[in-house]
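Student: Once you've had a glance at the structure underneath, I'll fire off some questions.
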Amino acid sequence: MFGSSRFMAPEELEWGARIDERTTVFTMGRTAAVLLSDGTLERRPFRGSDALYDVVRHACHDDREKRYGSMATFFAAWMDAHVSEL
């Protein structure tokens, strides 16, 4: 597949694996990790709240079934975490 491997979900590296909205959730979580951190999923360099960090970790779970089931769910969790820090 084309693209930077740091944004790719584990299933994107498997031949014939299911690629769906949970894969997109992973990509968006990794994008947040790159923009708000040093590209890792470690807490120390993450420049957001604990709540936002938890959302990113959930979105980037290696087990696709443990990620948010849709972008709408991911977005709602992100907004809830953001609002809770205000």
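Chains: A, B, ... in order of the structure tokens. Residues: from 1 per chain. Ligands: from 1, in order shown.
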Tell me which protein, DNA and RNA residues are within 9 Å of range 45-58 of chain A, counting only C-alpha atoms, leaving out same-chain ones fewer than 3 positions away, and put them as a PDB file with all heavy atoms, in the first residue's frame.
Tutor:
ATOM      1  N   PHE A  26      -7.642   4.575  13.046  1.00  0.00           N
ATOM      2  CA  PHE A  26      -6.237   4.402  13.394  1.00  0.00           C
ATOM      3  C   PHE A  26      -5.396   5.504  12.749  1.00  0.00           C
ATOM      4  O   PHE A  26      -4.567   6.137  13.414  1.00  0.00           O
ATOM      5  CB  PHE A  26      -5.733   3.030  12.937  1.00  0.00           C
ATOM      6  CG  PHE A  26      -4.312   2.757  13.329  1.00  0.00           C
ATOM      7  CD1 PHE A  26      -4.023   2.066  14.484  1.00  0.00           C
ATOM      8  CD2 PHE A  26      -3.250   3.197  12.542  1.00  0.00           C
ATOM      9  CE1 PHE A  26      -2.702   1.811  14.859  1.00  0.00           C
ATOM     10  CE2 PHE A  26      -1.940   2.951  12.899  1.00  0.00           C
ATOM     11  CZ  PHE A  26      -1.665   2.263  14.062  1.00  0.00           C
ATOM     12  N   MET A  28      -6.255   8.481  11.744  1.00  0.00           N
ATOM     13  CA  MET A  28      -6.511   9.776  12.365  1.00  0.00           C
ATOM     14  C   MET A  28      -5.877   9.861  13.754  1.00  0.00           C
ATOM     15  O   MET A  28      -5.354  10.902  14.147  1.00  0.00           O
ATOM     16  CB  MET A  28      -8.013  10.053  12.440  1.00  0.00           C
ATOM     17  CG  MET A  28      -8.641  10.263  11.074  1.00  0.00           C
ATOM     18  SD  MET A  28      -7.849  11.567  10.103  1.00  0.00           S
ATOM     19  CE  MET A  28      -8.173  12.982  11.119  1.00  0.00           C
ATOM     20  N   GLY A  29      -5.897   8.769  14.484  1.00  0.00           N
ATOM     21  CA  GLY A  29      -5.230   8.738  15.788  1.00  0.00           C
ATOM     22  C   GLY A  29      -3.733   8.941  15.649  1.00  0.00           C
ATOM     23  O   GLY A  29      -3.114   9.682  16.418  1.00  0.00           O
ATOM     24  N   ARG A  30      -3.135   8.285  14.666  1.00  0.00           N
ATOM     25  CA  ARG A  30      -1.695   8.452  14.428  1.00  0.00           C
ATOM     26  C   ARG A  30      -1.396   9.881  13.970  1.00  0.00           C
ATOM     27  O   ARG A  30      -0.367  10.452  14.343  1.00  0.00           O
ATOM     28  CB  ARG A  30      -1.192   7.457  13.391  1.00  0.00           C
ATOM     29  CG  ARG A  30      -1.176   6.031  13.870  1.00  0.00           C
ATOM     30  CD  ARG A  30      -0.231   5.805  15.015  1.00  0.00           C
ATOM     31  NE  ARG A  30       1.127   6.093  14.598  1.00  0.00           N
ATOM     32  CZ  ARG A  30       2.163   6.230  15.408  1.00  0.00           C
ATOM     33  NH1 ARG A  30       1.990   6.111  16.710  1.00  0.00           N
ATOM     34  NH2 ARG A  30       3.358   6.496  14.954  1.00  0.00           N
ATOM     35  N   ALA A  32      -2.989  12.560  14.922  1.00  0.00           N
ATOM     36  CA  ALA A  32      -3.010  13.353  16.158  1.00  0.00           C
ATOM     37  C   ALA A  32      -1.723  13.145  16.950  1.00  0.00           C
ATOM     38  O   ALA A  32      -1.165  14.098  17.501  1.00  0.00           O
ATOM     39  CB  ALA A  32      -4.221  12.981  17.005  1.00  0.00           C
ATOM     40  N   ALA A  33      -1.219  11.909  16.985  1.00  0.00           N
ATOM     41  CA  ALA A  33       0.030  11.628  17.710  1.00  0.00           C
ATOM     42  C   ALA A  33       1.206  12.355  17.077  1.00  0.00           C
ATOM     43  O   ALA A  33       2.083  12.855  17.782  1.00  0.00           O
ATOM     44  CB  ALA A  33       0.290  10.122  17.745  1.00  0.00           C
ATOM     45  N   LEU A  36       0.556  16.279  17.840  1.00  0.00           N
ATOM     46  CA  LEU A  36       0.580  16.690  19.241  1.00  0.00           C
ATOM     47  C   LEU A  36       1.716  16.062  20.039  1.00  0.00           C
ATOM     48  O   LEU A  36       1.805  16.258  21.253  1.00  0.00           O
ATOM     49  CB  LEU A  36      -0.751  16.343  19.911  1.00  0.00           C
ATOM     50  CG  LEU A  36      -1.961  17.104  19.385  1.00  0.00           C
ATOM     51  CD1 LEU A  36      -3.235  16.571  20.024  1.00  0.00           C
ATOM     52  CD2 LEU A  36      -1.810  18.592  19.644  1.00  0.00           C
ATOM     53  N   SER A  37       2.566  15.306  19.382  1.00  0.00           N
ATOM     54  CA  SER A  37       3.634  14.619  20.090  1.00  0.00           C
ATOM     55  C   SER A  37       4.847  14.492  19.177  1.00  0.00           C
ATOM     56  O   SER A  37       4.985  15.236  18.212  1.00  0.00           O
ATOM     57  CB  SER A  37       3.120  13.237  20.534  1.00  0.00           C
ATOM     58  OG  SER A  37       4.068  12.604  21.348  1.00  0.00           O
ATOM     59  N   ASP A  38       5.679  13.539  19.487  1.00  0.00           N
ATOM     60  CA  ASP A  38       6.866  13.296  18.666  1.00  0.00           C
ATOM     61  C   ASP A  38       6.659  12.127  17.704  1.00  0.00           C
ATOM     62  O   ASP A  38       7.611  11.582  17.172  1.00  0.00           O
ATOM     63  CB  ASP A  38       8.088  13.053  19.547  1.00  0.00           C
ATOM     64  CG  ASP A  38       7.944  11.848  20.450  1.00  0.00           C
ATOM     65  OD1 ASP A  38       6.876  11.192  20.421  1.00  0.00           O
ATOM     66  OD2 ASP A  38       8.894  11.547  21.197  1.00  0.00           O
ATOM     67  N   GLY A  39       5.410  11.739  17.502  1.00  0.00           N
ATOM     68  CA  GLY A  39       5.095  10.639  16.607  1.00  0.00           C
ATOM     69  C   GLY A  39       4.959   9.308  17.316  1.00  0.00           C
ATOM     70  O   GLY A  39       4.484   8.345  16.733  1.00  0.00           O
ATOM     71  N   THR A  40       5.363   9.265  18.584  1.00  0.00           N
ATOM     72  CA  THR A  40       5.203   8.039  19.354  1.00  0.00           C
ATOM     73  C   THR A  40       3.874   8.089  20.087  1.00  0.00           C
ATOM     74  O   THR A  40       3.181   9.109  20.074  1.00  0.00           O
ATOM     75  CB  THR A  40       6.332   7.876  20.391  1.00  0.00           C
ATOM     76  OG1 THR A  40       6.207   8.900  21.383  1.00  0.00           O
ATOM     77  CG2 THR A  40       7.705   7.948  19.738  1.00  0.00           C
ATOM     78  N   LEU A  41       3.558   6.998  20.736  1.00  0.00           N
ATOM     79  CA  LEU A  41       2.339   6.958  21.548  1.00  0.00           C
ATOM     80  C   LEU A  41       2.673   7.004  23.036  1.00  0.00           C
ATOM     81  O   LEU A  41       1.896   6.565  23.870  1.00  0.00           O
ATOM     82  CB  LEU A  41       1.524   5.710  21.211  1.00  0.00           C
ATOM     83  CG  LEU A  41       0.932   5.685  19.810  1.00  0.00           C
ATOM     84  CD1 LEU A  41       0.246   4.354  19.545  1.00  0.00           C
ATOM     85  CD2 LEU A  41      -0.035   6.847  19.601  1.00  0.00           C
ATOM     86  N   GLU A  42       3.814   7.575  23.363  1.00  0.00           N
ATOM     87  CA  GLU A  42       4.206   7.721  24.760  1.00  0.00           C
ATOM     88  C   GLU A  42       3.560   8.966  25.350  1.00  0.00           C
ATOM     89  O   GLU A  42       3.368   9.965  24.666  1.00  0.00           O
ATOM     90  CB  GLU A  42       5.723   7.821  24.869  1.00  0.00           C
ATOM     91  CG  GLU A  42       6.440   6.560  24.417  1.00  0.00           C
ATOM     92  CD  GLU A  42       7.942   6.703  24.477  1.00  0.00           C
ATOM     93  OE1 GLU A  42       8.435   7.561  25.240  1.00  0.00           O
ATOM     94  OE2 GLU A  42       8.608   5.965  23.746  1.00  0.00           O
ATOM     95  N   HIS A  61      -5.146   1.536  18.832  1.00  0.00           N
ATOM     96  CA  HIS A  61      -4.965   0.187  19.382  1.00  0.00           C
ATOM     97  C   HIS A  61      -4.635  -0.785  18.251  1.00  0.00           C
ATOM     98  O   HIS A  61      -5.228  -0.723  17.171  1.00  0.00           O
ATOM     99  CB  HIS A  61      -6.239  -0.260  20.105  1.00  0.00           C
ATOM    100  CG  HIS A  61      -5.991  -1.327  21.109  1.00  0.00           C
ATOM    101  ND1 HIS A  61      -5.687  -2.614  20.760  1.00  0.00           N
ATOM    102  CD2 HIS A  61      -5.981  -1.276  22.456  1.00  0.00           C
ATOM    103  CE1 HIS A  61      -5.503  -3.328  21.852  1.00  0.00           C
ATOM    104  NE2 HIS A  61      -5.680  -2.528  22.904  1.00  0.00           N
ATOM    105  N   LYS A  66     -10.765  -3.198  19.205  1.00  0.00           N
ATOM    106  CA  LYS A  66     -10.708  -2.368  20.412  1.00  0.00           C
ATOM    107  C   LYS A  66     -10.618  -0.880  20.092  1.00  0.00           C
ATOM    108  O   LYS A  66     -10.554  -0.059  21.002  1.00  0.00           O
ATOM    109  CB  LYS A  66      -9.541  -2.811  21.292  1.00  0.00           C
ATOM    110  CG  LYS A  66      -9.750  -4.201  21.854  1.00  0.00           C
ATOM    111  CD  LYS A  66      -8.647  -4.601  22.770  1.00  0.00           C
ATOM    112  CE  LYS A  66      -8.922  -5.999  23.316  1.00  0.00           C
ATOM    113  NZ  LYS A  66      -7.821  -6.469  24.158  1.00  0.00           N
ATOM    114  N   ARG A  67     -10.594  -0.530  18.812  1.00  0.00           N
ATOM    115  CA  ARG A  67     -10.607   0.880  18.394  1.00  0.00           C
ATOM    116  C   ARG A  67     -12.043   1.391  18.365  1.00  0.00           C
ATOM    117  O   ARG A  67     -12.992   0.624  18.466  1.00  0.00           O
ATOM    118  CB  ARG A  67     -10.034   1.019  16.975  1.00  0.00           C
ATOM    119  CG  ARG A  67      -8.601   0.686  16.858  1.00  0.00           C
ATOM    120  CD  ARG A  67      -8.135   0.856  15.411  1.00  0.00           C
ATOM    121  NE  ARG A  67      -7.027  -0.058  15.187  1.00  0.00           N
ATOM    122  CZ  ARG A  67      -6.769  -0.654  14.055  1.00  0.00           C
ATOM    123  NH1 ARG A  67      -7.523  -0.437  12.993  1.00  0.00           N
ATOM    124  NH2 ARG A  67      -5.753  -1.474  13.953  1.00  0.00           N
ATOM    125  N   TYR A  68     -12.185   2.698  18.180  1.00  0.00           N
ATOM    126  CA  TYR A  68     -13.509   3.260  17.953  1.00  0.00           C
ATOM    127  C   TYR A  68     -14.075   2.629  16.686  1.00  0.00           C
ATOM    128  O   TYR A  68     -13.359   2.408  15.710  1.00  0.00           O
ATOM    129  CB  TYR A  68     -13.448   4.782  17.804  1.00  0.00           C
ATOM    130  CG  TYR A  68     -12.977   5.467  19.066  1.00  0.00           C
ATOM    131  CD1 TYR A  68     -11.687   5.968  19.168  1.00  0.00           C
ATOM    132  CD2 TYR A  68     -13.820   5.580  20.157  1.00  0.00           C
ATOM    133  CE1 TYR A  68     -11.248   6.580  20.326  1.00  0.00           C
ATOM    134  CE2 TYR A  68     -13.395   6.194  21.330  1.00  0.00           C
ATOM    135  CZ  TYR A  68     -12.105   6.691  21.402  1.00  0.00           C
ATOM    136  OH  TYR A  68     -11.684   7.281  22.561  1.00  0.00           O
ATOM    137  N   PHE A  74     -15.155   8.290  17.137  1.00  0.00           N
ATOM    138  CA  PHE A  74     -13.838   8.866  17.436  1.00  0.00           C
ATOM    139  C   PHE A  74     -13.952  10.385  17.625  1.00  0.00           C
ATOM    140  O   PHE A  74     -13.452  10.949  18.598  1.00  0.00           O
ATOM    141  CB  PHE A  74     -12.847   8.535  16.318  1.00  0.00           C
ATOM    142  CG  PHE A  74     -11.541   9.281  16.408  1.00  0.00           C
ATOM    143  CD1 PHE A  74     -10.623   8.990  17.401  1.00  0.00           C
ATOM    144  CD2 PHE A  74     -11.222  10.257  15.495  1.00  0.00           C
ATOM    145  CE1 PHE A  74      -9.408   9.674  17.488  1.00  0.00           C
ATOM    146  CE2 PHE A  74     -10.015  10.942  15.555  1.00  0.00           C
ATOM    147  CZ  PHE A  74      -9.111  10.650  16.563  1.00  0.00           C
ATOM    148  N   ALA A  77     -15.689  11.274  20.889  1.00  0.00           N
ATOM    149  CA  ALA A  77     -14.786  11.079  22.029  1.00  0.00           C
ATOM    150  C   ALA A  77     -13.751  12.197  22.094  1.00  0.00           C
ATOM    151  O   ALA A  77     -13.424  12.697  23.175  1.00  0.00           O
ATOM    152  CB  ALA A  77     -14.095   9.715  21.920  1.00  0.00           C
ATOM    153  N   TRP A  78     -13.234  12.604  20.942  1.00  0.00           N
ATOM    154  CA  TRP A  78     -12.255  13.696  20.878  1.00  0.00           C
ATOM    155  C   TRP A  78     -12.876  14.993  21.411  1.00  0.00           C
ATOM    156  O   TRP A  78     -12.275  15.690  22.218  1.00  0.00           O
ATOM    157  CB  TRP A  78     -11.767  13.877  19.440  1.00  0.00           C
ATOM    158  CG  TRP A  78     -10.736  14.938  19.310  1.00  0.00           C
ATOM    159  CD1 TRP A  78     -10.924  16.262  19.057  1.00  0.00           C
ATOM    160  CD2 TRP A  78      -9.311  14.760  19.442  1.00  0.00           C
ATOM    161  NE1 TRP A  78      -9.725  16.920  19.020  1.00  0.00           N
ATOM    162  CE2 TRP A  78      -8.722  16.023  19.256  1.00  0.00           C
ATOM    163  CE3 TRP A  78      -8.505  13.665  19.698  1.00  0.00           C
ATOM    164  CZ2 TRP A  78      -7.351  16.215  19.321  1.00  0.00           C
ATOM    165  CZ3 TRP A  78      -7.130  13.851  19.765  1.00  0.00           C
ATOM    166  CH2 TRP A  78      -6.571  15.119  19.577  1.00  0.00           C
ATOM    167  N   MET A  79     -14.074  15.295  20.951  1.00  0.00           N
ATOM    168  CA  MET A  79     -14.734  16.529  21.383  1.00  0.00           C
ATOM    169  C   MET A  79     -15.083  16.473  22.878  1.00  0.00           C
ATOM    170  O   MET A  79     -14.916  17.470  23.577  1.00  0.00           O
ATOM    171  CB  MET A  79     -15.990  16.784  20.547  1.00  0.00           C
ATOM    172  CG  MET A  79     -15.678  17.100  19.092  1.00  0.00           C
ATOM    173  SD  MET A  79     -14.508  18.465  18.869  1.00  0.00           S
ATOM    174  CE  MET A  79     -15.481  19.839  19.451  1.00  0.00           C
ATOM    175  N   ASP A  80     -15.531  15.332  23.364  1.00  0.00           N
ATOM    176  CA  ASP A  80     -15.825  15.190  24.792  1.00  0.00           C
ATOM    177  C   ASP A  80     -14.558  15.401  25.622  1.00  0.00           C
ATOM    178  O   ASP A  80     -14.583  16.074  26.648  1.00  0.00           O
ATOM    179  CB  ASP A  80     -16.407  13.814  25.107  1.00  0.00           C
ATOM    180  CG  ASP A  80     -17.842  13.646  24.630  1.00  0.00           C
ATOM    181  OD1 ASP A  80     -18.488  14.660  24.278  1.00  0.00           O
ATOM    182  OD2 ASP A  80     -18.295  12.486  24.584  1.00  0.00           O
ATOM    183  N   ALA A  81     -13.447  14.835  25.176  1.00  0.00           N
ATOM    184  CA  ALA A  81     -12.175  14.996  25.898  1.00  0.00           C
ATOM    185  C   ALA A  81     -11.715  16.438  25.852  1.00  0.00           C
ATOM    186  O   ALA A  81     -11.216  16.975  26.850  1.00  0.00           O
ATOM    187  CB  ALA A  81     -11.109  14.079  25.278  1.00  0.00           C
ATOM    188  N   HIS A  82     -11.898  17.080  24.713  1.00  0.00           N
ATOM    189  CA  HIS A  82     -11.489  18.475  24.573  1.00  0.00           C
ATOM    190  C   HIS A  82     -12.339  19.387  25.458  1.00  0.00           C
ATOM    191  O   HIS A  82     -11.820  20.260  26.142  1.00  0.00           O
ATOM    192  CB  HIS A  82     -11.586  18.896  23.100  1.00  0.00           C
ATOM    193  CG  HIS A  82     -11.210  20.331  22.879  1.00  0.00           C
ATOM    194  ND1 HIS A  82      -9.917  20.791  23.046  1.00  0.00           N
ATOM    195  CD2 HIS A  82     -11.952  21.399  22.515  1.00  0.00           C
ATOM    196  CE1 HIS A  82      -9.887  22.077  22.785  1.00  0.00           C
ATOM    197  NE2 HIS A  82     -11.113  22.468  22.468  1.00  0.00           N
ATOM    198  N   SER A  84     -13.939  18.555  28.132  1.00  0.00           N
ATOM    199  CA  SER A  84     -13.706  18.273  29.547  1.00  0.00           C
ATOM    200  C   SER A  84     -12.484  19.007  30.106  1.00  0.00           C
ATOM    201  O   SER A  84     -12.389  19.200  31.311  1.00  0.00           O
ATOM    202  CB  SER A  84     -13.564  16.765  29.781  1.00  0.00           C
ATOM    203  OG  SER A  84     -12.326  16.305  29.276  1.00  0.00           O
ATOM    204  N   GLU A  85     -11.587  19.414  29.237  1.00  0.00           N
ATOM    205  CA  GLU A  85     -10.392  20.131  29.720  1.00  0.00           C
ATOM    206  C   GLU A  85     -10.614  21.642  29.806  1.00  0.00           C
ATOM    207  O   GLU A  85      -9.771  22.352  30.328  1.00  0.00           O
ATOM    208  CB  GLU A  85      -9.178  19.823  28.836  1.00  0.00           C
ATOM    209  CG  GLU A  85      -9.250  20.403  27.453  1.00  0.00           C
ATOM    210  CD  GLU A  85      -8.099  19.978  26.573  1.00  0.00           C
ATOM    211  OE1 GLU A  85      -7.595  18.872  26.751  1.00  0.00           O
ATOM    212  OE2 GLU A  85      -7.707  20.784  25.721  1.00  0.00           O
TER     213      GLU A  85
END
Student: For the alpha helix (DSSP H) assignment from backbone DSSP, which residues of chain A qualify? Please present them as a VMD selection string.
Tutor: chain A and resid 21 to 36 50 to 59 71 to 84
Student: Which residues of range 30-80 of chain A come within 8 Å of range 6-15 of chain A, and what is each one's closest atom pair and distance in Å (one decimal), counting only C-alpha atoms, sorted by chain and residue number, as a tab-separated table?
Tutor:
residue	atom	partner	partner_atom	distance
A:Arg30	CA	A:Phe7	CA	5.6
A:Thr31	CA	A:Phe7	CA	6.8
A:Cys60	CA	A:Ala9	CA	7.8
A:Asp62	CA	A:Pro10	CA	6.4
Student: Could those residues be written to a file, using N, CA, C and O atoms, as a compact mmCIF listing (two decimals), in the first residue's frame?
Tutor:
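Here's the written file out-v2.txt:
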# COMPACT_ATOMS: atom_id res chain seq x y z
N ARG A 30 -3.14 8.28 14.67
CA ARG A 30 -1.69 8.45 14.43
C ARG A 30 -1.40 9.88 13.97
O ARG A 30 -0.37 10.45 14.34
N THR A 31 -2.27 10.47 13.20
CA THR A 31 -2.08 11.86 12.77
C THR A 31 -2.07 12.77 14.00
O THR A 31 -1.22 13.66 14.10
N CYS A 60 -5.59 4.18 18.31
CA CYS A 60 -4.40 3.54 17.72
C CYS A 60 -4.15 2.13 18.26
O CYS A 60 -3.05 1.60 18.11
N ASP A 62 -3.67 -1.67 18.48
CA ASP A 62 -3.30 -2.66 17.47
C ASP A 62 -4.44 -3.61 17.13
O ASP A 62 -4.58 -4.04 15.98
Student: Could you check which of A:Ser70, A:Glu65, A:Thr27, A:Leu35 is closest to Ser5 in chain A, using only C-alpha atoms?
Tutor: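 Answer, going by the shortest atom-to-atom distance: A:Thr27.
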Student: Hey, which of A:Ser4, A:Arg43, A:Thr23, A:Ala17 ends up closest to Gly69 in chain A? Count only C-alpha atoms.
Tutor: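 Of A:Ser4, A:Arg43, A:Thr23, A:Ala17, the one nearest Gly69 in chain A is A:Thr23, counting only C-alpha atoms.
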